[in-house]
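*Asks:* The structure that follows is given in the form of structure tokens.
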Amino acid sequence: MNKEFFKSLFKDKKLRRSHPRFLIYQELSDAKTSLSPQELYHALLKKQRKIGLTSIYRSLDLFESLGIVFKIINGTSVKYKLCELEEHHHHIICKACGDVVELNFCDISDWAKKVTESTGYQVIDHQLNFYGFCKACKPLQGKQMAED
């Protein structure tokens with residue numbers, strides 16, 4: 001994702017494009033891995049970008065509601081990763097290392113129909129995440145299970 005995408009998204013949604021929000025977006029965009037709010041705070045501080053932790057939390061919540069970041073909860077750890085795909089998508093998360101892969105397909109229209117039929121709800125949106133062990137962690141899980 002780039003600066004133009006950020007600008008156009010905020011313009012389309014009639015949201016304020018503050019400098020701190022853009023710096024947070026930029027830091028997430030440059031990050032090689034997902035970051036916790038505290039890691040984000042320290043990374044920005046290291047670059048002499050003083051943004052309060054409260055502003056970081058609020059921006060991350062906003063970004064998540066816009067669908068441009070994904071919140072990864074693994075036990076007590078909470079991290080955020082910038083989504084690379086702009087269109088609707090899902091994720092698979094490694095339960096061991098927290099790696100996230102974006103899945104660029106979504107064919108659950110039959111599920112949505114069944115949900116509507118069984119509940120009477122009008123389905124307008126959904127979120128679906130898969131959890132498992134990545135290729136690197138899968139062998140380690142096998143060893144750990146054998147030892148238990």
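Identifiers in this document derive from the order of the structure tokens: chains are assigned A, B, ..., residues are numbered from 1 separately in each chain, and ligands are numbered from 1 in order of occurrence.
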Skip segment 30-32 of chain A itself and residues of its chain fewer than 3 positions away, then list as a PyMOL selection string all residues within 9 Å of it, counting only C-alpha atoms.

*Replies:* chain A and resi 25-27+35+81-82

*Asks:* In terms of the shortest atom-to-atom distance over only C-alpha atoms, which of A:Thr116, A:Asn104, A:Ser29, A:Gln127 is closest to Glu87 of chain A?

*Replies:*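 Looking only at the distances to Glu87 of chain A, the closest residue turns out to be A:Asn104.
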
*Asks:* Just want the 10 Å neighbourhood of Lys3 of chain A, counted on only C-alpha atoms, with same-chain residues fewer than 2 positions away dropped. Output as a list in words.

*Replies:*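 Listing them by chain and then by number gives Met1, Phe5, Phe6, Lys7, Ser8, Leu9, Phe22, Tyr25, Gln26 and Ser29 of chain A.
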
*Asks:* Would you write out those residues with N, CA and C atoms, as a PDB file, in the first residue's frame?

*Replies:*
```pdb
ATOM      1  N   MET A   1       0.842  -1.173   0.000  1.00  0.00           N
ATOM      2  CA  MET A   1       0.000   0.000   0.000  1.00  0.00           C
ATOM      3  C   MET A   1       0.885   1.234   0.000  1.00  0.00           C
ATOM      4  N   PHE A   5      -2.808   5.634  -1.852  1.00  0.00           N
ATOM      5  CA  PHE A   5      -3.912   4.811  -1.364  1.00  0.00           C
ATOM      6  C   PHE A   5      -4.415   5.357  -0.033  1.00  0.00           C
ATOM      7  N   PHE A   6      -3.495   5.668   0.862  1.00  0.00           N
ATOM      8  CA  PHE A   6      -3.847   6.216   2.174  1.00  0.00           C
ATOM      9  C   PHE A   6      -4.640   7.509   2.020  1.00  0.00           C
ATOM     10  N   LYS A   7      -4.138   8.410   1.184  1.00  0.00           N
ATOM     11  CA  LYS A   7      -4.816   9.693   0.958  1.00  0.00           C
ATOM     12  C   LYS A   7      -6.216   9.498   0.388  1.00  0.00           C
ATOM     13  N   SER A   8      -6.331   8.672  -0.635  1.00  0.00           N
ATOM     14  CA  SER A   8      -7.633   8.495  -1.286  1.00  0.00           C
ATOM     15  C   SER A   8      -8.627   7.790  -0.364  1.00  0.00           C
ATOM     16  N   LEU A   9      -8.169   6.820   0.417  1.00  0.00           N
ATOM     17  CA  LEU A   9      -9.050   6.126   1.348  1.00  0.00           C
ATOM     18  C   LEU A   9      -9.628   7.105   2.369  1.00  0.00           C
ATOM     19  N   PHE A  22      -0.599   9.194   9.405  1.00  0.00           N
ATOM     20  CA  PHE A  22       0.205   8.795   8.252  1.00  0.00           C
ATOM     21  C   PHE A  22       1.526   8.173   8.698  1.00  0.00           C
ATOM     22  N   TYR A  25       0.829   4.644   9.765  1.00  0.00           N
ATOM     23  CA  TYR A  25       0.590   3.855   8.549  1.00  0.00           C
ATOM     24  C   TYR A  25       1.915   3.535   7.852  1.00  0.00           C
ATOM     25  N   GLN A  26       2.770   4.542   7.738  1.00  0.00           N
ATOM     26  CA  GLN A  26       4.064   4.385   7.069  1.00  0.00           C
ATOM     27  C   GLN A  26       4.950   3.386   7.814  1.00  0.00           C
ATOM     28  N   SER A  29       3.727   0.007   7.195  1.00  0.00           N
ATOM     29  CA  SER A  29       4.020  -0.332   5.808  1.00  0.00           C
ATOM     30  C   SER A  29       5.476  -0.771   5.634  1.00  0.00           C
TER      31      SER A  29
END
```

*Asks:* Hey, what's within 7 Å of segment 55-61 of chain A if we count only C-alpha atoms and toss same-chain stuff fewer than 4 positions away? As a list in words, please?

*Replies:*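 So, after excluding close chain neighbours, the residues are Arg21, Pro37, Ile51 and Ser65 of chain A.
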
*Asks:* Could you dump the residues just selected with N, CA and C atoms as a compact mmCIF listing (two decimals), in the first residue's frame?

*Replies:*
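File written: out.txt
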```txt
# COMPACT_ATOMS: atom_id res chain seq x y z
N ARG A 21 -1.28 9.91 12.00
CA ARG A 21 -1.89 8.73 11.38
C ARG A 21 -1.07 8.24 10.20
N PRO A 37 1.33 -2.29 19.57
CA PRO A 37 1.28 -0.83 19.73
C PRO A 37 2.54 -0.28 20.41
N ILE A 51 4.76 10.34 19.03
CA ILE A 51 3.32 10.16 18.93
C ILE A 51 2.90 9.39 20.17
N SER A 65 -10.87 -0.84 11.52
CA SER A 65 -12.26 -0.67 11.08
C SER A 65 -12.34 -0.37 9.59
```

*Asks:* What is the distance, in Å and to one decimal place, between atom CA of Leu66 of chain A and atom CA of Ile92 of chain A?

*Replies:*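 Atom CA of Leu66 of chain A sits 19.3 Å away from atom CA of Ile92 of chain A.
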
*Asks:* Nearest to Asp110 of chain A: which of A:Leu23, A:Val123, A:Cys137, A:Cys97 is it, counting only C-alpha atoms?

*Replies:*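 Closest residue, counting only C-alpha atoms: A:Val123.
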
*Asks:* Just to confirm, what's the straight-line distance from atom CA of Lys71 of chain A to atom CA of Gly120 of chain A in Å (one decimal)?

*Replies:*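 According to the coordinates, atom CA of Lys71 of chain A and atom CA of Gly120 of chain A are separated by 29.3 Å.
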
*Asks:* Check the DSSP output for the backbone and give back, as a ChimeraX atom specification, the residues of segment 20-138 of chain A in helix (DSSP H, G or I).

*Replies:* /A:20-30,37-46,53-66,109-119,138

*Asks:* Could those residues be written to a file, using N, CA and C atoms, as a CSV table (one decimal), in the first residue's frame?

*Replies:*
```csv
chain,number,residue,atom,x,y,z
A,20,PRO,N,0.3,12.3,12.3
A,20,PRO,CA,0.5,11.1,13.1
A,20,PRO,C,-0.1,9.8,12.5
A,21,ARG,N,-1.3,9.9,12.0
A,21,ARG,CA,-1.9,8.7,11.4
A,21,ARG,C,-1.1,8.2,10.2
A,22,PHE,N,-0.6,9.2,9.4
A,22,PHE,CA,0.2,8.8,8.3
A,22,PHE,C,1.5,8.2,8.7
A,23,LEU,N,2.2,8.7,9.7
A,23,LEU,CA,3.4,8.2,10.2
A,23,LEU,C,3.2,6.7,10.8
A,24,ILE,N,2.1,6.5,11.4
A,24,ILE,CA,1.8,5.2,11.9
A,24,ILE,C,1.6,4.2,10.7
A,25,TYR,N,0.8,4.6,9.8
A,25,TYR,CA,0.6,3.9,8.5
A,25,TYR,C,1.9,3.5,7.9
A,26,GLN,N,2.8,4.5,7.7
A,26,GLN,CA,4.1,4.4,7.1
A,26,GLN,C,5.0,3.4,7.8
A,27,GLU,N,5.0,3.5,9.1
A,27,GLU,CA,5.8,2.5,9.9
A,27,GLU,C,5.3,1.1,9.8
A,28,LEU,N,4.0,0.9,9.8
A,28,LEU,CA,3.4,-0.4,9.6
A,28,LEU,C,3.8,-0.9,8.1
A,29,SER,N,3.7,0.0,7.2
A,29,SER,CA,4.0,-0.3,5.8
A,29,SER,C,5.5,-0.8,5.6
A,30,ASP,N,6.4,-0.2,6.4
A,30,ASP,CA,7.8,-0.5,6.3
A,30,ASP,C,8.2,-1.7,7.1
A,37,PRO,N,1.3,-2.3,19.6
A,37,PRO,CA,1.3,-0.8,19.7
A,37,PRO,C,2.5,-0.3,20.4
A,38,GLN,N,3.1,-1.0,21.4
A,38,GLN,CA,4.3,-0.6,22.1
A,38,GLN,C,5.5,-0.6,21.2
A,39,GLU,N,5.6,-1.7,20.4
A,39,GLU,CA,6.7,-1.8,19.4
A,39,GLU,C,6.6,-0.6,18.4
A,40,LEU,N,5.4,-0.3,18.0
A,40,LEU,CA,5.2,0.8,17.0
A,40,LEU,C,5.6,2.1,17.7
A,41,TYR,N,5.2,2.3,18.9
A,41,TYR,CA,5.6,3.5,19.7
A,41,TYR,C,7.1,3.7,19.7
A,42,HIS,N,7.8,2.6,20.1
A,42,HIS,CA,9.2,2.7,20.2
A,42,HIS,C,9.9,2.8,18.9
A,43,ALA,N,9.4,2.2,17.8
A,43,ALA,CA,10.0,2.4,16.5
A,43,ALA,C,9.9,3.8,16.0
A,44,LEU,N,8.7,4.5,16.3
A,44,LEU,CA,8.5,5.9,15.9
A,44,LEU,C,9.4,6.8,16.8
A,45,LEU,N,9.5,6.5,18.1
A,45,LEU,CA,10.3,7.3,19.0
A,45,LEU,C,11.8,7.2,18.6
A,46,LYS,N,12.2,6.1,18.1
A,46,LYS,CA,13.6,5.9,17.7
A,46,LYS,C,13.9,6.8,16.5
A,53,LEU,N,1.0,7.0,22.9
A,53,LEU,CA,0.5,5.6,22.8
A,53,LEU,C,-1.0,5.6,22.6
A,54,THR,N,-1.7,6.6,23.2
A,54,THR,CA,-3.1,6.6,23.0
A,54,THR,C,-3.5,6.9,21.5
A,55,SER,N,-2.8,7.8,20.9
A,55,SER,CA,-3.0,8.1,19.5
A,55,SER,C,-2.7,6.9,18.6
A,56,ILE,N,-1.7,6.1,19.0
A,56,ILE,CA,-1.4,4.9,18.2
A,56,ILE,C,-2.5,3.9,18.4
A,57,TYR,N,-3.0,3.7,19.6
A,57,TYR,CA,-4.1,2.8,19.8
A,57,TYR,C,-5.4,3.2,19.0
A,58,ARG,N,-5.7,4.5,19.0
A,58,ARG,CA,-6.8,5.0,18.3
A,58,ARG,C,-6.7,4.9,16.8
A,59,SER,N,-5.5,5.1,16.3
A,59,SER,CA,-5.2,5.0,14.9
A,59,SER,C,-5.3,3.6,14.4
A,60,LEU,N,-4.8,2.7,15.2
A,60,LEU,CA,-4.8,1.2,14.9
A,60,LEU,C,-6.3,0.7,14.9
A,61,ASP,N,-7.1,1.2,15.8
A,61,ASP,CA,-8.5,0.8,15.8
A,61,ASP,C,-9.2,1.4,14.6
A,62,LEU,N,-8.9,2.6,14.2
A,62,LEU,CA,-9.5,3.2,13.0
A,62,LEU,C,-9.0,2.4,11.8
A,63,PHE,N,-7.7,2.1,11.7
A,63,PHE,CA,-7.2,1.4,10.5
A,63,PHE,C,-7.9,0.0,10.4
A,64,GLU,N,-8.1,-0.7,11.6
A,64,GLU,CA,-8.7,-2.0,11.6
A,64,GLU,C,-10.2,-1.9,11.1
A,65,SER,N,-10.9,-0.8,11.5
A,65,SER,CA,-12.3,-0.7,11.1
A,65,SER,C,-12.3,-0.4,9.6
A,66,LEU,N,-11.3,0.2,9.0
A,66,LEU,CA,-11.2,0.5,7.6
A,66,LEU,C,-10.8,-0.7,6.8
A,109,SER,N,-20.6,-17.5,0.0
A,109,SER,CA,-22.0,-17.1,-0.3
A,109,SER,C,-23.0,-18.1,0.2
A,110,ASP,N,-22.7,-19.4,0.1
A,110,ASP,CA,-23.6,-20.5,0.5
A,110,ASP,C,-23.7,-20.4,2.0
A,111,TRP,N,-22.6,-20.1,2.7
A,111,TRP,CA,-22.7,-20.0,4.2
A,111,TRP,C,-23.6,-18.8,4.6
A,112,ALA,N,-23.4,-17.7,3.9
A,112,ALA,CA,-24.1,-16.5,4.2
A,112,ALA,C,-25.6,-16.7,4.0
A,113,LYS,N,-26.0,-17.5,3.0
A,113,LYS,CA,-27.4,-17.8,2.7
A,113,LYS,C,-27.9,-18.7,3.8
A,114,LYS,N,-27.1,-19.7,4.3
A,114,LYS,CA,-27.6,-20.6,5.3
A,114,LYS,C,-27.7,-19.8,6.7
A,115,VAL,N,-26.8,-18.9,6.9
A,115,VAL,CA,-26.9,-18.0,8.1
A,115,VAL,C,-28.2,-17.2,8.1
A,116,THR,N,-28.5,-16.6,6.9
A,116,THR,CA,-29.8,-15.8,6.8
A,116,THR,C,-31.0,-16.7,7.0
A,117,GLU,N,-31.0,-17.9,6.4
A,117,GLU,CA,-32.1,-18.8,6.5
A,117,GLU,C,-32.3,-19.3,7.9
A,118,SER,N,-31.2,-19.6,8.6
A,118,SER,CA,-31.4,-20.2,10.0
A,118,SER,C,-31.6,-19.1,11.1
A,119,THR,N,-31.2,-17.9,10.8
A,119,THR,CA,-31.3,-16.9,11.9
A,119,THR,C,-32.3,-15.8,11.6
A,138,LYS,N,5.3,-26.1,12.0
A,138,LYS,CA,4.6,-27.4,12.0
A,138,LYS,C,5.5,-28.6,12.5
```

*Asks:* What are the DSSP strand (DSSP E or B) residues of segment 57-109 of chain A, as JSON, numbers by chain?

*Replies:* {"A": [69, 70, 71, 72, 73, 74, 77, 78, 79, 80, 81, 82, 90, 91, 92, 93, 94, 100, 101, 102, 103]}

*Asks:* What is the distance, in Å and to one decimal place, between atom CA of His91 of chain A and atom CA of Phe133 of chain A?

*Replies:*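 We find that atom CA of His91 of chain A and atom CA of Phe133 of chain A lie 12.9 Å from each other.
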